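Remarks on the structure that follows.
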Amino acid sequence: MNIISRSIVILVALTTIVLSKELITPIPNNAIYDKQKAILGKKLFFDIRLSANDTISCANCHFLNDGGDDNIALSFGIDGKVGSIHSPTVYNSRYNIAQFWDGRAKNLKEQVSGPIHNPVEMGTNFKDIIEKLKKDETLVKEFGKLYEYGITKDSIIDAIVEFENALVTPNAPFDKFLRGDFSALDDLEKEGFQLFKDYGCISCHNGVNIGGNLFQKVGIVKKFESELNNLGKFESTNNENDKNYFKVPTLRNIDKTAPYFHDGSVDSLKKAVLIMFEVQLGIEPQDDEVEKIVKFLQSLNGEIPSIIKQSDQ
């Protein structure tokens, strides 16, 4: 290799490193949130009184000791009703550009009301919830310490949002790598990350959440075959241009959140990668390339949030 060629290779490598650091950033080790409100929100997150018949809590669809989803294609709500779309992980949702697959909630505050009012999920309303919660003297006192008006719709939402703000999973091996610990990833994981960039996966899966910050059409090159009759963003906007556009899911903890896609139709991470190559890129990758990308994706598993591990007493 001559001097000019070597210089070009070094320049490309340096550019890739800089670009990667700009496109993907590590999760902050100390997420900012109100701890006392978050602890109260945690109690509400696990409280079945937030559903019409006192059988379903937020935690039924979001397993917080695992990946933050429920590991089934479609979740169950009150009376065994089946949901219409795959429940995404609640972990790191504070970093999303919007909430829900179609982005109909612009933030976590708007998102909280969705499952509560959805007749298939929790099927209730804040009036009934407040009436039930106000019968709990301990809860009334806890709300009273933190909120001037006690238990209200706004204070319930605020507490749950603060808890969800605490649901971040820092210190994945890849985060440590981004911070300069190059030994945090092995050679296969590093090669997988390079392939992830080379094939353009990083163009949609970027930012601190490695996804969740834009909408993209599913099936750019080839139609994404799904038995689920859901057209993504179109469902909330009724704009023809939004058909089959979904919020790009986060790849953080992706190894723990099978099944995959908005319809929960794929239970293998390897198969999910292959489908993305097929419908988004129109490329058939080599088997070893897929294995390396999967290895890289497995390096995105972060730590369970401290608020989950600690006692609230």
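By convention in this document, the chains of the structure tokens carry letters A, B, ... by their order, each chain's residues are numbered from 1, and ligands are numbered from 1 in the order they are shown.
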Counting only C-alpha atoms, what are the residues of segment 57-93 of chain A within 12 Å of segment 264-269 of chain A, and for each of them which pair of atoms is the nearest and at what distance in Å, to one decimal? Sort the table by chain and rising number, as a Markdown table.
| residue | atom | partner | partner_atom | distance |
| --- | --- | --- | --- | --- |
| A:Asp69 | CA | A:Gly264 | CA | 11.2 |
| A:Asp70 | CA | A:Gly264 | CA | 10.7 |
| A:Asn71 | CA | A:Gly264 | CA | 8.7 |
| A:Ile72 | CA | A:Gly264 | CA | 7.0 |
| A:Ala73 | CA | A:Gly264 | CA | 4.0 |
| A:Leu74 | CA | A:Gly264 | CA | 6.8 |
| A:Ser75 | CA | A:Gly264 | CA | 10.0 |
| A:Gly83 | CA | A:Gly264 | CA | 11.4 |
| A:Ser84 | CA | A:Gly264 | CA | 10.6 |
| A:Ile85 | CA | A:Gly264 | CA | 7.8 |
| A:His86 | CA | A:Gly264 | CA | 5.4 |
| A:Ser87 | CA | A:Gly264 | CA | 8.5 |
| A:Pro88 | CA | A:Gly264 | CA | 9.5 |
Selection to disk with N, CA and C atoms, as a PDB file, in the first residue's frame:
ATOM      1  N   ASP A  69     -40.263  -4.896  27.996  1.00  0.00           N
ATOM      2  CA  ASP A  69     -41.489  -5.230  27.274  1.00  0.00           C
ATOM      3  C   ASP A  69     -42.034  -6.515  27.890  1.00  0.00           C
ATOM      4  N   ASP A  70     -42.940  -7.222  27.205  1.00  0.00           N
ATOM      5  CA  ASP A  70     -43.506  -8.429  27.830  1.00  0.00           C
ATOM      6  C   ASP A  70     -43.199  -9.714  27.073  1.00  0.00           C
ATOM      7  N   ASN A  71     -42.374  -9.618  26.028  1.00  0.00           N
ATOM      8  CA  ASN A  71     -41.882 -10.805  25.316  1.00  0.00           C
ATOM      9  C   ASN A  71     -42.968 -11.655  24.669  1.00  0.00           C
ATOM     10  N   ILE A  72     -44.103 -11.041  24.343  1.00  0.00           N
ATOM     11  CA  ILE A  72     -45.116 -11.719  23.532  1.00  0.00           C
ATOM     12  C   ILE A  72     -45.485 -10.794  22.377  1.00  0.00           C
ATOM     13  N   ALA A  73     -46.058 -11.368  21.329  1.00  0.00           N
ATOM     14  CA  ALA A  73     -46.348 -10.577  20.137  1.00  0.00           C
ATOM     15  C   ALA A  73     -47.343  -9.459  20.423  1.00  0.00           C
ATOM     16  N   LEU A  74     -48.477  -9.807  21.023  1.00  0.00           N
ATOM     17  CA  LEU A  74     -49.513  -8.838  21.342  1.00  0.00           C
ATOM     18  C   LEU A  74     -49.897  -8.992  22.802  1.00  0.00           C
ATOM     19  N   SER A  75     -49.949  -7.899  23.514  1.00  0.00           N
ATOM     20  CA  SER A  75     -50.203  -7.938  24.956  1.00  0.00           C
ATOM     21  C   SER A  75     -51.688  -8.146  25.259  1.00  0.00           C
ATOM     22  N   GLY A  83     -54.269  -6.906  22.505  1.00  0.00           N
ATOM     23  CA  GLY A  83     -53.902  -5.627  21.932  1.00  0.00           C
ATOM     24  C   GLY A  83     -53.766  -5.670  20.425  1.00  0.00           C
ATOM     25  N   SER A  84     -53.644  -4.498  19.822  1.00  0.00           N
ATOM     26  CA  SER A  84     -53.614  -4.395  18.359  1.00  0.00           C
ATOM     27  C   SER A  84     -52.215  -4.198  17.794  1.00  0.00           C
ATOM     28  N   ILE A  85     -51.210  -4.075  18.685  1.00  0.00           N
ATOM     29  CA  ILE A  85     -49.840  -3.856  18.225  1.00  0.00           C
ATOM     30  C   ILE A  85     -48.886  -4.282  19.335  1.00  0.00           C
ATOM     31  N   HIS A  86     -47.678  -4.621  18.945  1.00  0.00           N
ATOM     32  CA  HIS A  86     -46.676  -5.110  19.895  1.00  0.00           C
ATOM     33  C   HIS A  86     -46.274  -4.027  20.891  1.00  0.00           C
ATOM     34  N   SER A  87     -46.242  -4.364  22.173  1.00  0.00           N
ATOM     35  CA  SER A  87     -45.844  -3.398  23.199  1.00  0.00           C
ATOM     36  C   SER A  87     -44.342  -3.144  23.138  1.00  0.00           C
ATOM     37  N   PRO A  88     -43.928  -1.910  22.928  1.00  0.00           N
ATOM     38  CA  PRO A  88     -42.486  -1.615  22.896  1.00  0.00           C
ATOM     39  C   PRO A  88     -41.915  -1.540  24.301  1.00  0.00           C
TER      40      PRO A  88
END
Just asking: which residues within segment 61-301 of chain A are helix (DSSP H, G or I) according to DSSP, as a VMD selection string?
-> chain A and resid 78 to 80 93 to 95 108 to 117 126 to 133 137 to 146 153 to 165 173 to 178 182 to 184 187 to 198 201 to 203 234 to 237 240 to 242 254 to 256 269 to 281 287 to 298
At most 10 Å is the cut-off: for each residue in segment 101-191 of chain A with any atom that close to an atom of segment 287-303 of chain A, write down the nearest atom pair and the distance in Å rounded to one decimal, counting only C-alpha atoms, chain first then increasing number, as a tab-separated table.
residue	atom	partner	partner_atom	distance
A:Val168	CA	A:Glu303	CA	8.2
A:Thr169	CA	A:Gly302	CA	4.7
A:Pro170	CA	A:Gly302	CA	5.1
A:Asn171	CA	A:Gly302	CA	5.4
A:Ala172	CA	A:Gly302	CA	3.9
A:Pro173	CA	A:Ser299	CA	5.4
A:Phe174	CA	A:Ser299	CA	5.6
A:Asp175	CA	A:Leu300	CA	7.7
A:Phe177	CA	A:Ser299	CA	9.8
A:Ala184	CA	A:Ser299	CA	8.9
A:Leu185	CA	A:Ser299	CA	7.4
A:Asp186	CA	A:Phe296	CA	9.2
A:Asp187	CA	A:Lys292	CA	9.2
A:Leu188	CA	A:Lys292	CA	5.5
A:Glu189	CA	A:Phe296	CA	4.3
A:Lys190	CA	A:Phe296	CA	6.8
A:Glu191	CA	A:Lys292	CA	6.4
If we count only C-alpha atoms, what is near Lys81 of chain A at a cut-off of 9 Å, once residues fewer than 2 positions away on the same chain are taken out, given as a PyMOL selection string?
-> chain A and resi 75-79+83+119-121
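Note that the spacing between atom CA of Asp34 of chain A and atom CA of Phe63 of chain A amounts to 22.1 Å.
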Using only C-alpha atoms, which protein or nucleic acid residues come within 7 Å of Ala159 of chain A? Drop anything in the same chain fewer than 4 positions from it, and give the result as a CSV table (one decimal) with N, CA, C and O atoms, in the first residue's frame.
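What ended up in result.csv:
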chain,number,residue,atom,x,y,z
A,37,LYS,N,-40.7,11.6,43.6
A,37,LYS,CA,-41.8,11.4,42.7
A,37,LYS,C,-41.7,10.1,41.9
A,37,LYS,O,-42.7,9.4,41.6
A,38,ALA,N,-40.5,9.8,41.5
A,38,ALA,CA,-40.2,8.5,40.8
A,38,ALA,C,-40.6,7.3,41.6
A,38,ALA,O,-41.2,6.3,41.1
A,40,LEU,N,-42.8,7.2,44.0
A,40,LEU,CA,-44.3,7.2,44.0
A,40,LEU,C,-44.8,6.7,42.7
A,40,LEU,O,-45.8,5.8,42.6
A,41,GLY,N,-44.2,7.1,41.6
A,41,GLY,CA,-44.6,6.7,40.2
A,41,GLY,C,-44.4,5.2,40.1
A,41,GLY,O,-45.2,4.5,39.4
A,155,SER,N,-51.2,14.9,38.9
A,155,SER,CA,-50.2,14.4,39.8
A,155,SER,C,-49.9,12.9,39.5
A,155,SER,O,-48.8,12.4,39.7
A,163,PHE,N,-41.1,8.4,37.1
A,163,PHE,CA,-40.6,7.0,37.2
A,163,PHE,C,-40.1,6.5,35.8
A,163,PHE,O,-39.0,5.9,35.8
Restricting the calculation to only C-alpha atoms, which member of A:Ala272, A:Leu167, A:Leu251, A:Ile151 is positioned closest to Ile308 of chain A?
-> A:Leu167
Residues near Val248 of chain A, cut-off 9 Å, only C-alpha atoms, skip fewer than 4 positions along chain, as number ranges by chain = A: 101, 204-205, 211-217
So that I have them on file, write out the residues from the current selection with C-alpha atoms, as an mmCIF file, in the first residue's frame.
data_model
loop_
_atom_site.group_PDB
_atom_site.id
_atom_site.type_symbol
_atom_site.label_atom_id
_atom_site.label_comp_id
_atom_site.auth_asym_id
_atom_site.auth_seq_id
_atom_site.Cartn_x
_atom_site.Cartn_y
_atom_site.Cartn_z
ATOM 1 C CA TRP A 101 -45.235 3.146 17.199
ATOM 2 C CA CYS A 204 -31.955 5.077 11.112
ATOM 3 C CA HIS A 205 -30.651 3.644 14.372
ATOM 4 C CA GLY A 211 -33.357 4.554 17.422
ATOM 5 C CA GLY A 212 -36.565 6.204 18.539
ATOM 6 C CA ASN A 213 -35.689 9.589 17.047
ATOM 7 C CA LEU A 214 -37.267 9.402 13.589
ATOM 8 C CA PHE A 215 -39.950 7.672 11.526
ATOM 9 C CA GLN A 216 -39.120 5.348 8.667
ATOM 10 C CA LYS A 217 -41.070 3.314 6.161
#
Kindly indicate which residue among A:Val90, A:Ile48, A:Val161, A:Leu281 lies nearest to His62 of chain A, using only C-alpha atoms for the distances.
->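 Between A:Val90, A:Ile48, A:Val161, A:Leu281, the residue approaching His62 of chain A most closely is A:Val90.
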Long-range neighbours of Cys58 of chain A as a list in words, 8 Å cut-off, only C-alpha atoms, 6 positions minimum in chain = Phe45, Phe46, Asp47 and Ile48 of chain A
Contacts of Thr152 of chain A within 12 Å, only C-alpha atoms, excl. fewer than 5 positions in-chain, as a ChimeraX atom specification = /A:125-134,140,143-144,146-147,157-159
Please produce a file of the residues just selected, as a short mmCIF file (atom, residue, chain, number, x, y, z; two decimals), in the first residue's frame, where the atoms kept are all heavy atoms.
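Contents of the output file result-v3.cif:
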data_model
loop_
_atom_site.label_atom_id
_atom_site.label_comp_id
_atom_site.auth_asym_id
_atom_site.auth_seq_id
_atom_site.Cartn_x
_atom_site.Cartn_y
_atom_site.Cartn_z
N ASN A 125 -60.71 5.43 33.42
CA ASN A 125 -60.57 6.87 33.30
C ASN A 125 -60.02 7.41 34.61
O ASN A 125 -60.03 6.72 35.64
CB ASN A 125 -61.90 7.53 32.95
CG ASN A 125 -62.97 7.22 33.99
OD1 ASN A 125 -62.97 7.78 35.09
ND2 ASN A 125 -63.86 6.29 33.67
N PHE A 126 -59.53 8.63 34.59
CA PHE A 126 -58.89 9.18 35.78
C PHE A 126 -59.87 9.44 36.92
O PHE A 126 -59.51 9.35 38.08
CB PHE A 126 -58.13 10.47 35.42
CG PHE A 126 -56.81 10.19 34.75
CD1 PHE A 126 -56.67 10.30 33.38
CD2 PHE A 126 -55.71 9.80 35.51
CE1 PHE A 126 -55.45 10.03 32.77
CE2 PHE A 126 -54.49 9.54 34.91
CZ PHE A 126 -54.36 9.65 33.53
N LYS A 127 -61.11 9.75 36.60
CA LYS A 127 -62.10 9.98 37.65
C LYS A 127 -62.24 8.74 38.53
O LYS A 127 -62.20 8.81 39.76
CB LYS A 127 -63.45 10.36 37.04
CG LYS A 127 -64.56 10.59 38.05
CD LYS A 127 -65.85 11.01 37.35
CE LYS A 127 -66.98 11.23 38.35
NZ LYS A 127 -67.38 9.97 39.04
N ASP A 128 -62.40 7.59 37.88
CA ASP A 128 -62.56 6.34 38.64
C ASP A 128 -61.28 5.96 39.36
O ASP A 128 -61.31 5.46 40.50
CB ASP A 128 -62.98 5.21 37.70
CG ASP A 128 -64.40 5.40 37.17
OD1 ASP A 128 -65.13 6.22 37.76
OD2 ASP A 128 -64.76 4.72 36.19
N ILE A 129 -60.15 6.19 38.73
CA ILE A 129 -58.86 5.87 39.35
C ILE A 129 -58.66 6.70 40.62
O ILE A 129 -58.28 6.18 41.67
CB ILE A 129 -57.70 6.12 38.37
CG1 ILE A 129 -57.72 5.08 37.24
CG2 ILE A 129 -56.35 6.06 39.10
CD1 ILE A 129 -56.73 5.38 36.13
N ILE A 130 -58.93 7.98 40.52
CA ILE A 130 -58.75 8.88 41.66
C ILE A 130 -59.63 8.46 42.83
O ILE A 130 -59.20 8.47 43.99
CB ILE A 130 -59.03 10.34 41.23
CG1 ILE A 130 -57.94 10.82 40.27
CG2 ILE A 130 -59.10 11.26 42.45
CD1 ILE A 130 -58.26 12.11 39.57
N GLU A 131 -60.87 8.09 42.53
CA GLU A 131 -61.79 7.65 43.58
C GLU A 131 -61.23 6.44 44.32
O GLU A 131 -61.32 6.35 45.55
CB GLU A 131 -63.16 7.33 42.99
CG GLU A 131 -63.96 8.55 42.57
CD GLU A 131 -65.33 8.18 42.03
OE1 GLU A 131 -65.66 6.97 42.02
OE2 GLU A 131 -66.07 9.09 41.60
N LYS A 132 -60.64 5.52 43.59
CA LYS A 132 -60.08 4.32 44.22
C LYS A 132 -58.83 4.65 45.03
O LYS A 132 -58.66 4.18 46.16
CB LYS A 132 -59.77 3.27 43.14
CG LYS A 132 -60.99 2.58 42.58
CD LYS A 132 -60.63 1.40 41.69
CE LYS A 132 -60.11 1.80 40.34
NZ LYS A 132 -59.90 0.62 39.44
N LEU A 133 -57.96 5.45 44.45
CA LEU A 133 -56.70 5.75 45.12
C LEU A 133 -56.90 6.59 46.38
O LEU A 133 -56.15 6.46 47.35
CB LEU A 133 -55.74 6.47 44.17
CG LEU A 133 -55.28 5.69 42.92
CD1 LEU A 133 -54.26 6.52 42.14
CD2 LEU A 133 -54.71 4.34 43.29
N LYS A 134 -57.93 7.43 46.39
CA LYS A 134 -58.18 8.27 47.55
C LYS A 134 -58.67 7.49 48.77
O LYS A 134 -58.70 8.02 49.88
CB LYS A 134 -59.17 9.38 47.20
CG LYS A 134 -58.54 10.54 46.43
CD LYS A 134 -59.50 11.70 46.26
CE LYS A 134 -58.81 12.90 45.64
NZ LYS A 134 -59.73 14.06 45.46
N VAL A 140 -52.62 8.61 49.93
CA VAL A 140 -53.06 10.00 50.05
C VAL A 140 -51.99 10.83 50.73
O VAL A 140 -51.68 11.96 50.31
CB VAL A 140 -54.40 10.08 50.84
CG1 VAL A 140 -54.70 11.54 51.20
CG2 VAL A 140 -55.54 9.50 50.02
N PHE A 143 -48.92 11.32 48.33
CA PHE A 143 -49.20 12.34 47.32
C PHE A 143 -49.19 13.72 47.94
O PHE A 143 -48.68 14.69 47.36
CB PHE A 143 -50.55 12.07 46.65
CG PHE A 143 -50.47 11.26 45.40
CD1 PHE A 143 -50.58 9.88 45.43
CD2 PHE A 143 -50.28 11.88 44.17
CE1 PHE A 143 -50.52 9.13 44.26
CE2 PHE A 143 -50.21 11.14 42.99
CZ PHE A 143 -50.33 9.75 43.04
N GLY A 144 -49.76 13.81 49.15
CA GLY A 144 -49.85 15.10 49.82
C GLY A 144 -48.50 15.72 50.11
O GLY A 144 -48.36 16.95 50.13
N LEU A 146 -45.90 15.50 48.21
CA LEU A 146 -45.22 15.89 46.97
C LEU A 146 -46.02 16.82 46.08
O LEU A 146 -45.44 17.54 45.25
CB LEU A 146 -44.86 14.62 46.17
CG LEU A 146 -43.90 13.64 46.85
CD1 LEU A 146 -43.79 12.36 46.03
CD2 LEU A 146 -42.53 14.27 47.02
N TYR A 147 -47.34 16.81 46.25
CA TYR A 147 -48.20 17.60 45.37
C TYR A 147 -49.19 18.42 46.18
O TYR A 147 -49.88 17.88 47.06
CB TYR A 147 -48.95 16.69 44.39
CG TYR A 147 -48.06 15.91 43.45
CD1 TYR A 147 -47.70 14.59 43.73
CD2 TYR A 147 -47.54 16.50 42.30
CE1 TYR A 147 -46.88 13.88 42.87
CE2 TYR A 147 -46.71 15.80 41.44
CZ TYR A 147 -46.38 14.49 41.73
OH TYR A 147 -45.56 13.80 40.88
N ILE A 157 -50.18 11.43 36.56
CA ILE A 157 -49.38 11.42 35.33
C ILE A 157 -47.95 11.85 35.62
O ILE A 157 -46.99 11.22 35.17
CB ILE A 157 -50.01 12.34 34.27
CG1 ILE A 157 -51.32 11.74 33.77
CG2 ILE A 157 -49.04 12.56 33.10
CD1 ILE A 157 -52.08 12.65 32.81
N ASP A 158 -47.79 12.90 36.40
CA ASP A 158 -46.46 13.43 36.68
C ASP A 158 -45.59 12.40 37.40
O ASP A 158 -44.40 12.24 37.08
CB ASP A 158 -46.58 14.69 37.54
CG ASP A 158 -45.25 15.39 37.74
OD1 ASP A 158 -44.72 15.94 36.76
OD2 ASP A 158 -44.72 15.36 38.86
N ALA A 159 -46.17 11.70 38.36
CA ALA A 159 -45.40 10.70 39.11
C ALA A 159 -44.98 9.55 38.22
O ALA A 159 -43.83 9.08 38.28
CB ALA A 159 -46.23 10.19 40.29
#
Quick one: pull the distance between atom CA of Cys61 of chain A and atom CA of Gly150 of chain A, Å, one decimal.
->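 That distance, rounded to one decimal, is 27.4 Å.
Between atom CA of Glu142 of chain A and atom CA of Leu44 of chain A the separation is 11.7 Å.
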Among segment 22-239 of chain A, which residues carry a DSSP assignment of strand (DSSP E or B), reported as a PyMOL selection string?
-> chain A and resi 76+82+99+105+215-217+232
